Structures are given as C-alpha cells and as structure tokens.
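Peer 1: So I've got this file, coords-v7.txt, and it contains compact mmCIF, C-alpha atoms:
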# COMPACT_ATOMS: atom_id res chain seq x y z
CA MET A 1 7.69 13.32 -19.37
CA LYS A 2 9.48 10.19 -18.19
CA GLN A 3 8.76 7.77 -15.43
CA THR A 4 10.82 4.89 -14.17
CA THR A 5 10.44 1.16 -14.36
CA LEU A 6 12.59 -1.25 -12.44
CA TRP A 7 13.29 -4.79 -13.57
CA VAL A 8 14.77 -7.03 -10.92
CA PHE A 9 16.47 -10.28 -11.84
CA LEU A 10 17.16 -12.66 -8.97
CA THR A 11 20.39 -14.57 -9.52
CA LEU A 12 22.46 -16.84 -7.34
CA THR A 13 26.19 -17.36 -7.55
CA CYS A 14 27.41 -20.94 -7.62
CA THR A 15 30.83 -21.21 -6.02
CA PHE A 16 31.53 -22.76 -2.61
CA LEU A 17 33.42 -20.51 -0.23
CA SER A 18 35.83 -22.53 1.90
CA ALA A 19 35.41 -22.08 5.62
CA GLN A 20 38.19 -20.06 7.09
CA THR A 21 36.29 -19.41 10.33
CA PRO A 22 34.34 -21.55 12.78
CA ALA A 23 31.29 -23.34 11.33
CA ASP A 24 28.73 -21.00 12.86
CA THR A 25 30.13 -18.04 10.91
CA THR A 26 30.91 -19.77 7.60
CA VAL A 27 29.36 -18.02 4.61
CA TYR A 28 28.32 -20.22 1.68
CA ASP A 29 27.76 -19.35 -1.96
CA VAL A 30 26.04 -22.68 -2.64
CA ALA A 31 24.12 -25.15 -0.51
CA GLU A 32 21.85 -28.17 -0.78
CA LYS A 33 18.79 -25.91 -0.44
CA LEU A 34 18.92 -22.25 -1.40
CA PRO A 35 17.25 -19.40 0.51
CA ILE A 36 13.68 -18.47 -0.41
CA PRO A 37 11.95 -15.16 0.41
CA LEU A 38 9.38 -15.93 3.09
CA LEU A 39 6.21 -14.34 1.72
CA ALA A 40 2.79 -15.28 3.04
CA SER A 41 1.12 -15.68 -0.36
CA CYS A 42 3.72 -18.26 -1.40
CA GLN A 43 3.68 -20.57 1.62
CA PRO A 44 3.41 -24.33 0.94
CA GLN A 45 0.26 -24.60 3.07
CA GLN A 46 -1.43 -22.14 0.73
CA HIS A 47 -0.52 -24.22 -2.34
CA PRO A 48 -0.76 -27.97 -1.61
CA GLY A 49 1.07 -30.00 -4.22
CA TRP A 50 3.48 -27.27 -5.29
CA THR A 51 7.11 -28.25 -5.62
CA GLU A 52 9.91 -26.36 -3.88
CA ASP A 53 10.84 -24.81 -7.24
CA SER A 54 7.25 -23.59 -7.66
CA ILE A 55 7.32 -22.03 -4.19
CA ARG A 56 10.65 -20.36 -5.04
CA ARG A 57 9.37 -18.92 -8.32
CA CYS A 58 6.27 -17.59 -6.58
CA ALA A 59 8.34 -15.96 -3.83
CA GLU A 60 10.86 -14.43 -6.22
CA THR A 61 8.04 -13.03 -8.37
CA GLN A 62 6.38 -11.51 -5.31
CA LEU A 63 9.70 -10.03 -4.15
CA LEU A 64 10.11 -8.49 -7.61
CA SER A 65 6.68 -6.92 -7.31
CA ILE A 66 7.40 -5.54 -3.84
CA LEU A 67 10.71 -4.02 -4.92
CA THR A 68 9.13 -2.51 -8.02
CA ARG A 69 6.39 -0.83 -5.99
CA ASN A 70 8.72 0.56 -3.36
CA ILE A 71 11.82 1.74 -5.22
CA ARG A 72 12.02 5.36 -6.34
CA TYR A 73 14.19 6.29 -9.30
CA PRO A 74 16.65 8.94 -8.03
CA GLU A 75 15.87 12.37 -9.45
CA GLU A 76 19.54 13.02 -10.28
CA ALA A 77 19.70 9.77 -12.27
CA ARG A 78 16.44 10.56 -14.04
CA GLN A 79 17.53 14.07 -15.01
CA ASN A 80 20.89 12.80 -16.28
CA ASN A 81 19.36 9.80 -18.12
CA ILE A 82 21.39 7.38 -16.03
CA GLU A 83 20.43 3.76 -16.73
CA GLY A 84 22.08 0.45 -15.93
CA THR A 85 22.32 -2.35 -13.41
CA VAL A 86 23.07 -2.02 -9.71
CA VAL A 87 24.16 -5.24 -8.01
CA ALA A 88 23.46 -5.62 -4.31
CA SER A 89 24.92 -8.34 -2.14
CA PHE A 90 23.76 -9.58 1.25
CA ILE A 91 23.88 -12.61 3.53
CA VAL A 92 20.78 -14.55 4.47
CA GLU A 93 21.31 -15.54 8.09
CA PRO A 94 20.01 -18.78 9.66
CA THR A 95 17.43 -16.57 11.40
CA GLY A 96 16.08 -15.52 8.00
CA ARG A 97 17.23 -11.91 8.28
CA MET A 98 19.44 -10.12 5.78
CA SER A 99 22.83 -8.85 6.95
CA ASN A 100 25.88 -7.19 5.42
CA ILE A 101 23.77 -5.49 2.75
CA HIS A 102 26.07 -3.59 0.41
CA ILE A 103 26.53 -2.61 -3.22
CA ILE A 104 29.10 -4.46 -5.32
CA LYS A 105 28.29 -2.64 -8.57
CA ASP A 106 26.87 0.87 -8.83
CA ILE A 107 25.92 3.18 -11.70
CA GLY A 108 26.00 6.32 -9.55
CA SER A 109 23.61 9.26 -9.24
CA GLY A 110 21.97 7.74 -6.16
CA CYS A 111 20.89 4.43 -7.68
CA GLY A 112 23.05 2.34 -5.36
CA GLU A 113 21.81 4.25 -2.32
CA GLU A 114 18.21 3.70 -3.40
CA ALA A 115 18.77 -0.03 -3.80
CA LEU A 116 20.22 -0.16 -0.28
CA ARG A 117 17.35 1.89 1.13
CA VAL A 118 14.70 -0.45 -0.21
CA LEU A 119 16.44 -3.65 0.86
CA ARG A 120 17.09 -2.32 4.36
CA ALA A 121 13.52 -1.03 4.63
CA LEU A 122 12.12 -4.42 3.65
CA ASP A 123 14.27 -6.16 6.26
CA THR A 124 13.16 -3.66 8.91
CA ALA A 125 9.52 -4.05 7.84
CA GLY A 126 9.75 -7.78 8.49
CA LEU A 127 10.79 -9.47 5.24
CA ARG A 128 12.36 -12.81 6.17
CA TRP A 129 13.85 -15.72 4.23
CA VAL A 130 13.76 -19.46 4.57
CA PRO A 131 17.52 -19.93 5.20
CA ALA A 132 19.83 -22.07 3.12
CA ILE A 133 20.26 -25.68 4.25
CA HIS A 134 23.64 -27.43 4.11
CA GLN A 135 24.22 -30.91 5.50
CA GLY A 136 20.82 -30.76 7.12
CA LYS A 137 21.40 -27.49 9.01
CA PRO A 138 20.50 -23.84 8.31
CA VAL A 139 23.58 -21.88 7.27
CA ARG A 140 24.59 -18.36 6.29
CA MET A 141 24.50 -17.88 2.53
CA LYS A 142 25.52 -15.05 0.24
CA GLN A 143 23.00 -13.70 -2.27
CA ALA A 144 23.51 -11.39 -5.22
CA LEU A 145 20.64 -9.24 -6.45
CA PRO A 146 21.02 -7.28 -9.71
CA LEU A 147 18.55 -4.40 -10.05
CA ARG A 148 18.21 -2.81 -13.45
CA PHE A 149 17.36 0.90 -13.55
CA LYS A 150 15.81 1.86 -16.88
CA LEU A 151 13.99 5.00 -17.99
CA GLN A 152 11.02 4.78 -20.28
CA GLU A 153 8.41 7.15 -21.58
CA ALA A 154 5.49 7.45 -19.20
CA LEU A 155 2.05 6.57 -20.49
CA PRO A 156 -0.63 9.06 -19.45
CA TYR A 157 -3.00 6.21 -18.59
CA TYR A 158 -3.25 2.65 -17.33
CA ILE A 159 -5.54 -0.22 -18.24
CA ALA A 160 -7.72 -1.26 -15.30
CA GLY A 161 -8.71 -4.85 -14.60
CA SER A 162 -12.13 -4.05 -16.06
CA GLY A 163 -10.46 -3.07 -19.35
CA ASP A 164 -11.10 0.65 -18.85
CA THR A 165 -8.43 3.12 -19.95
CA ILE A 166 -7.94 5.39 -16.93
CA TYR A 167 -5.93 8.58 -17.43
CA THR A 168 -3.60 9.64 -14.62
CA LEU A 169 -2.07 12.55 -16.55
CA VAL A 170 -4.60 15.09 -17.79
CA GLU A 171 -4.59 18.65 -19.10
CA THR A 172 -7.72 19.66 -17.20
CA GLN A 173 -9.19 17.96 -14.15
CA PRO A 174 -12.81 16.79 -13.95
CA GLY A 175 -15.13 19.31 -12.33
CA PHE A 176 -18.57 19.54 -10.74
CA ARG A 177 -21.02 22.14 -11.95
CA GLY A 178 -20.61 25.17 -9.69
CA GLY A 179 -17.31 24.00 -8.21
CA ALA A 180 -16.25 22.34 -4.96
CA ASP A 181 -18.71 24.28 -2.77
CA SER A 182 -21.57 23.21 -5.00
CA LEU A 183 -20.45 19.56 -4.77
CA LEU A 184 -20.30 19.76 -0.97
CA ALA A 185 -23.79 21.25 -0.84
CA PHE A 186 -25.07 18.53 -3.17
CA ILE A 187 -23.69 15.79 -0.92
CA VAL A 188 -25.17 17.38 2.21
CA ASN A 189 -28.60 17.83 0.64
CA ARG A 190 -28.90 14.69 -1.47
CA LEU A 191 -27.22 12.01 0.66
CA GLU A 192 -29.97 10.18 2.55
CA TYR A 193 -29.51 8.43 5.87
CA PRO A 194 -31.17 4.95 5.73
CA VAL A 195 -34.56 5.37 7.37
CA LYS A 196 -34.56 2.10 9.31
CA TYR A 197 -31.24 3.03 10.94
CA ARG A 198 -32.10 6.58 12.00
CA ASP A 199 -32.42 5.55 15.66
CA SER A 200 -29.19 3.51 15.55
CA CYS A 201 -27.07 6.71 15.63
CA LYS A 202 -24.51 5.07 13.33
CA THR A 203 -21.89 7.53 12.14
CA GLY A 204 -19.14 7.03 9.60
CA ILE A 205 -17.58 7.78 6.25
CA ILE A 206 -17.79 5.82 3.03
CA GLU A 207 -15.04 6.76 0.60
CA MET A 208 -15.66 6.12 -3.08
CA ALA A 209 -13.39 6.09 -6.10
CA LEU A 210 -15.41 7.61 -8.94
CA LEU A 211 -14.81 7.09 -12.63
CA ILE A 212 -15.69 10.31 -14.45
CA ARG A 213 -16.45 9.27 -18.02
CA PRO A 214 -15.89 11.38 -21.17
CA ASN A 215 -19.67 11.97 -21.36
CA GLY A 216 -19.62 13.43 -17.83
CA ARG A 217 -21.21 10.42 -16.17
CA ALA A 218 -19.91 9.36 -12.75
CA GLU A 219 -19.64 5.69 -11.76
CA VAL A 220 -18.54 4.21 -8.45
CA ASP A 221 -15.48 2.06 -9.11
CA ASN A 222 -14.79 1.15 -5.47
CA GLN A 223 -16.11 1.80 -1.96
CA LEU A 224 -14.37 1.78 1.41
CA ASP A 225 -16.82 1.54 4.31
CA PHE A 226 -14.39 2.61 7.04
CA SER A 227 -16.89 2.24 9.90
CA ASN A 228 -18.53 -0.94 8.58
CA LEU A 229 -21.88 0.84 8.32
CA GLY A 230 -23.31 -1.85 6.06
CA MET A 231 -25.02 -2.39 2.72
CA ASP A 232 -27.88 0.06 3.26
CA PHE A 233 -25.44 2.92 3.80
CA GLN A 234 -23.29 1.81 0.88
CA TRP A 235 -26.38 1.77 -1.32
CA GLN A 236 -27.33 5.29 -0.31
CA ALA A 237 -23.81 6.52 -1.14
CA LEU A 238 -24.09 4.87 -4.56
CA ARG A 239 -27.54 6.34 -5.06
CA MET A 240 -26.28 9.84 -4.27
CA VAL A 241 -23.50 9.50 -6.87
CA ASN A 242 -26.00 8.35 -9.50
CA ARG A 243 -27.96 11.54 -8.88
CA THR A 244 -24.99 13.59 -10.07
CA ALA A 245 -25.59 12.48 -13.67
CA GLY A 246 -25.11 15.39 -16.04
CA LEU A 247 -23.40 17.58 -13.46
CA TRP A 248 -19.79 16.65 -14.23
CA THR A 249 -17.31 18.08 -16.70
CA PRO A 250 -14.85 15.36 -17.79
CA ALA A 251 -11.08 15.59 -17.70
CA THR A 252 -9.28 16.25 -20.97
CA TYR A 253 -6.06 15.01 -22.52
CA ASP A 254 -4.70 16.18 -25.87
CA GLY A 255 -7.84 18.27 -26.24
CA LYS A 256 -10.22 15.31 -25.87
CA PRO A 257 -12.43 14.18 -22.95
CA VAL A 258 -11.06 11.11 -21.18
CA THR A 259 -11.91 8.83 -18.26
CA THR A 260 -10.17 9.57 -14.97
CA THR A 261 -10.70 8.89 -11.27
CA LEU A 262 -11.81 11.14 -8.45
CA PRO A 263 -12.17 10.38 -4.70
CA LEU A 264 -15.42 11.31 -2.97
CA ARG A 265 -16.36 10.86 0.71
CA ALA A 266 -19.90 10.47 2.00
CA LEU A 267 -20.48 11.34 5.67
CA PHE A 268 -23.40 9.73 7.49
CA LYS A 269 -24.84 11.20 10.70
CA SER A 270 -28.42 10.73 11.92
CA ASP A 271 -30.52 13.85 12.48
CA GLN A 272 -32.43 12.26 15.37
CA PRO A 273 -32.18 14.33 18.61
CA ALA A 274 -31.15 11.20 20.53
CA CYS A 275 -28.10 10.88 18.26
CA ALA A 276 -26.61 14.28 19.15
CA ALA A 277 -24.09 12.76 21.58
CA ALA A 278 -22.95 10.15 19.04
CA ASN A 279 -22.56 12.83 16.38
CA GLU A 280 -20.53 15.02 18.74
CA LYS A 281 -18.26 12.11 19.62
CA PHE A 282 -17.69 11.45 15.91
CA ASP A 283 -16.89 15.11 15.23
CA GLN A 284 -14.37 15.17 18.10
CA ALA A 285 -12.70 12.04 16.74
CA MET A 286 -12.43 13.55 13.26
CA ILE A 287 -10.78 16.70 14.66
CA LEU A 288 -8.23 14.52 16.48
CA ALA A 289 -7.75 12.49 13.31
CA ASP A 290 -7.02 15.64 11.30
CA ASN A 291 -4.55 16.77 13.96
CA GLY A 292 -2.81 13.41 13.73
CA ALA A 293 -2.60 13.66 9.96
CA GLU A 294 -1.03 17.10 10.29
CA PHE A 295 1.63 15.79 12.68
CA ALA A 296 2.28 12.84 10.37
CA GLY A 297 2.77 15.24 7.48
CA GLN A 298 5.36 17.07 9.61
CA ASN A 299 7.21 13.78 10.20
CA GLN A 300 6.22 13.67 13.87
CA PRO A 301 4.77 10.13 14.13
CA GLU A 302 4.82 10.01 17.95
CA LYS A 303 2.58 13.08 18.19
CA ALA A 304 0.38 11.72 15.39
CA ILE A 305 -0.08 8.46 17.31
CA GLU A 306 -1.09 10.40 20.45
CA GLN A 307 -3.88 12.11 18.50
CA TRP A 308 -5.04 8.88 16.86
CA ASN A 309 -5.02 7.12 20.24
CA GLN A 310 -7.48 9.70 21.53
CA ALA A 311 -9.58 9.43 18.37
CA LEU A 312 -9.73 5.64 18.61
CA ALA A 313 -10.74 5.88 22.26
CA LEU A 314 -13.88 7.56 20.90
CA LEU A 315 -14.28 5.38 17.78
CA PRO A 316 -12.46 2.10 18.50
CA ASP A 317 -13.71 0.33 15.35
CA ASN A 318 -12.90 3.07 12.82
CA THR A 319 -10.70 1.19 10.36
CA GLU A 320 -9.33 4.33 8.71
CA LEU A 321 -7.93 5.49 12.06
CA LEU A 322 -6.58 1.99 12.80
CA TYR A 323 -4.77 2.00 9.46
CA TYR A 324 -3.26 5.44 10.03
CA ARG A 325 -2.04 4.52 13.51
CA GLY A 326 -0.70 1.17 12.31
CA THR A 327 1.26 2.85 9.53
CA ALA A 328 2.80 5.33 11.99
CA LEU A 329 3.68 2.51 14.42
CA LEU A 330 5.34 0.62 11.58
CA SER A 331 7.46 3.67 10.71
CA LEU A 332 8.75 3.53 14.31
CA ASN A 333 9.58 -0.19 13.97
CA ARG A 334 6.79 -1.08 16.40
CA LYS A 335 5.75 -3.97 14.22
CA GLU A 336 3.76 -5.98 16.77
CA GLU A 337 1.56 -3.00 17.63
CA ALA A 338 1.16 -2.13 13.95
CA CYS A 339 0.01 -5.66 13.18
CA GLN A 340 -2.56 -5.47 15.98
CA ASP A 341 -4.10 -2.48 14.19
CA PHE A 342 -3.77 -3.99 10.70
CA ASN A 343 -5.26 -7.32 11.76
CA ARG A 344 -8.05 -5.53 13.61
CA VAL A 345 -9.02 -3.86 10.31
CA LYS A 346 -9.21 -7.27 8.66
CA ALA A 347 -11.26 -8.68 11.55
CA ILE A 348 -13.78 -5.81 11.28
CA LEU A 349 -14.12 -5.63 7.50
CA GLY A 350 -13.17 -9.17 6.48
CA VAL A 351 -10.82 -7.72 3.87
CA THR A 352 -8.34 -4.84 3.79
CA TRP A 353 -7.56 -2.31 1.09
CA PHE A 354 -3.86 -2.67 1.96
CA GLU A 355 -3.64 -6.47 2.01
CA PRO A 356 -0.18 -6.79 0.32
CA LEU A 357 1.34 -4.58 3.04
CA ARG A 358 -0.50 -6.43 5.83
CA ARG A 359 0.63 -9.84 4.58
CA LEU A 360 4.21 -8.69 4.11
CA VAL A 361 4.44 -7.27 7.62
CA CYS A 362 2.08 -9.51 9.59
CA GLY A 363 1.90 -12.78 7.63
CA TRP A 364 -1.14 -14.55 6.23
As structure tokens, please, write out the structure in this file.
Peer 2:
Amino acid sequence: MKQTTLWVFLTLTCTFLSAQTPADTTVYDVAEKLPIPLLASCQPQQHPGWTEDSIRRCAETQLLSILTRNIRYPEEARQNNIEGTVVASFIVEPTGRMSNIHIIKDIGSGCGEEALRVLRALDTAGLRWVPAIHQGKPVRMKQALPLRFKLQEALPYYIAGSGDTIYTLVETQPGFRGGADSLLAFIVNRLEYPVKYRDSCKTGIIEMALLIRPNGRAEVDNQLDFSNLGMDFQWQALRMVNRTAGLWTPATYDGKPVTTTLPLRALFKSDQPACAAANEKFDQAMILADNGAEFAGQNQPEKAIEQWNQALALLPDNTELLYYRGTALLSLNRKEEACQDFNRVKAILGVTWFEPLRRLVCGW
C-alpha cells in the first residue's frame, strides 16, 4: 500500500520586470522587501527579538505544514506512479491576497489541478501575505512555488509525542468483550454521574481517545469536554474506562497484537426528577445535531446550518455544535460568522482541538 508525501520548497525568482503599465499595476519579480505569508503563529509580536529573516522562515515552514496537511495526491497519479514537481505561480497583491494563480509546470494526472485547488482554497479560507515593499510602498510581486509530488511506502503506524507506536493500519480491529452492544450497556451501567452535581442537571458528552494496548488494557490518551462539564465529570469518564480492564481484545498487525486508538463517548445526564426537562432539551438538541450531520454528509451545508442553529438555541455553549456550524459556515465563505463560532469555542474551553485551523482563519 502506498501513501503520499508532499515536499514544498518555497523559492523566489530574482529578476526585475520592467514596468510596461502604470505603476499601480506593475508586477515585480524582486523588491526591497519580499512577501511573507501572514500566519498568526509567526507574527513579530509573538516573537520579540526575531529578525525579519526569522519571521520569514517561520512563516514559510508553517505554510509548508498547511499545504502538506491539505493536499491530496490525485488517485490517477498514485495509480500510475506519477511523481515530479509542479510549479505554481501567483501574484501577491498589495492587499495581501493571491491573484492570477496558475500552473507554469505540470506533471499531469491531476497534480497541477490539485496544487491549484489547495492554493485557491487557502486564499478563500483567509490566508494573506505581508506584501512586497519597493521604494517604501507595497507593490504587486510575482511568486513561484514548486510543489514536489512523491510516492512512498506507507508505514502502518506513527510515533506519538509520548513515544508510543500507534498503528493506523491493522488486520483486525480492537474489540470489547460481547461486542458493541455490550460496550454500550457497560457505559450506561458503569458511568457514574458526580454525586455533588446531581441537582445541577448538567448534561453533556465527553469524548475520549483510547489507546488499546497489546495486553488489552485501555488508557485515555485525550479527552474533549464539549460542554465544559468540569474535572469531576472528566474524572468519572476516566474512572469508567479504567473499569474496562481485561475486557478488550487488542488490534493485530502481521499476526501480532499492537497498540491502536479507538474513540469513546461518555454521555452524562442526571437521574434526578427535577432534571427531566434539561435532559429532554439535550436529547432534542442531539437529534437536531444528527440531522445537521446528515445534511452535511449530503453536501447541503445550508440545511445543516439550519439544524445546528436550532440545536444551539437549546444548547448555546455546546462547543461540538459550534465547531460543526463554524466549519459549515466556512465552507460557504462566511468567514466572519465562522470565526464567531470558532472563537466562542476558545472562550468557553480556553483551548481548541482545532487551533491550527482557527488561527489560520481567524488570527491569533
């Protein structure tokens, strides 16, 4: 099996293009100060003492990372083992936007089209540049961007920041004793609602990424507290997972048990009679949320947003719903509204699980 890796090398041409048109439309190939991708994590105010070259290297590295994560190797090129370098050209306008994006060297099989798609998508999503400066004024400047498409053998695993080897390609998936129904029953019966909050009527979902070890032990690698329920609820979710010890069958690769990941969601609803209305409101919101997800899967973002609007009217601080709606708004180029949702998630939780996207679209 093969997967794709993209290496992007940012290069700048170095020849002055004589002005044949009025000054406001002159396109330069060289200037006193070159354009720099305007990325929030590389702003001078975030790095006091950095030189302009340091800021440029940071921004170019971040742009490389963004392109790598977003480009998809065309299936036709992959099947035909097409490799090589596509060169894109564009103009950085004084406004910081990219214009006249086109391919000046292509290797075919859809690689050029994919390079154009990603560059145009980034511009639409809000990627801007610090424009070139010539004689003290921002000017239009031509940029060349070679993108190398290269196939390589896919590893069945990745090395996590903790040093763990996590398999993403397995022969058999991890399983819970008795199957999915048994796991659901276990969660319902063994997940405890924090006693001191029973009268609070707090409802919400904590999603966990589990590591299922070769010995069948489950560990919580990460938690997302979508409704900001708090530490007591997070602890109970962790406690419930620890109670599953000995009930898991590990994944296998090449006939051997290996570590892999598995998502698990813990739903909290109080059983107090006074909380019946809160529980019903939550259930209604989840039905609307599922409807929205179905419309989104059918590429009907407007209808999805309508459903999520109704769900958020019931649960205005549900960060999972805010993220879904923000993503749909962004797909419709409604950036300002999307950023309201994305920034609301950050305000509620203090941190987001999609921070690179939020910073790219909405700034620091």
Peer 1: Just to confirm, what's the straight-line distance from CA of Leu211 (chain A) to CA of Thr261 (chain A) in Å (one decimal)?
Peer 2: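 These atoms are spaced 4.7 Å apart.
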Peer 1: For Lys256 (chain A), find every residue with an atom within 12 Å (counting only C-alpha atoms), except residues of its own chain fewer than 5 positions away, and show them as a list in words.
Peer 2: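 Surrounding residues, per the criterion: Tyr167, Val170, Glu171, Thr172, Arg213, Pro214, Asn215, Thr249, Pro250 and Ala251 of chain A.
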Peer 1: Please determine the residues with any atom at most 12 Å from (16.6, -23.2, 7.5) (coordinates as given in the file, with all atoms listed in the file counting) and report them as a PyMOL selection string.
Peer 2: chain A and resi 31-38+92-97+128-141
Peer 1: Have a look at A:Phe90, A:Tyr157, A:Phe233, A:Phe342 and name the one nearest to Asp29 (chain A); count only C-alpha atoms.
Peer 2: A:Phe90
Peer 1: Once 5 Å is added on each side, what centre and edge lengths in Å to one decimal does the axis-aligned box around all listed atoms of region 211-230 of chain A have, as lines of an AutoDock Vina configuration file?
Peer 2:
center_x = -18.8
center_y = 5.8
center_z = -5.7
size_x = 18.9
size_y = 25.3
size_z = 41.3
Peer 1: Counting all atoms listed in the file, which residue out of A:Arg120, A:Ala77, A:Gly204, A:Val220 sits closest to Phe149 (chain A)?
Peer 2: A:Ala77
Peer 1: Write out as a PyMOL selection string each polymer residue whose atoms come within 12 Å of Gly126 (chain A), counting all atoms listed in the file; drop sequence neighbours fewer than 2 positions from it.
Peer 2: chain A and resi 37-40+96-98+119-124+128-129+330-331+333-336+338-339+357-363
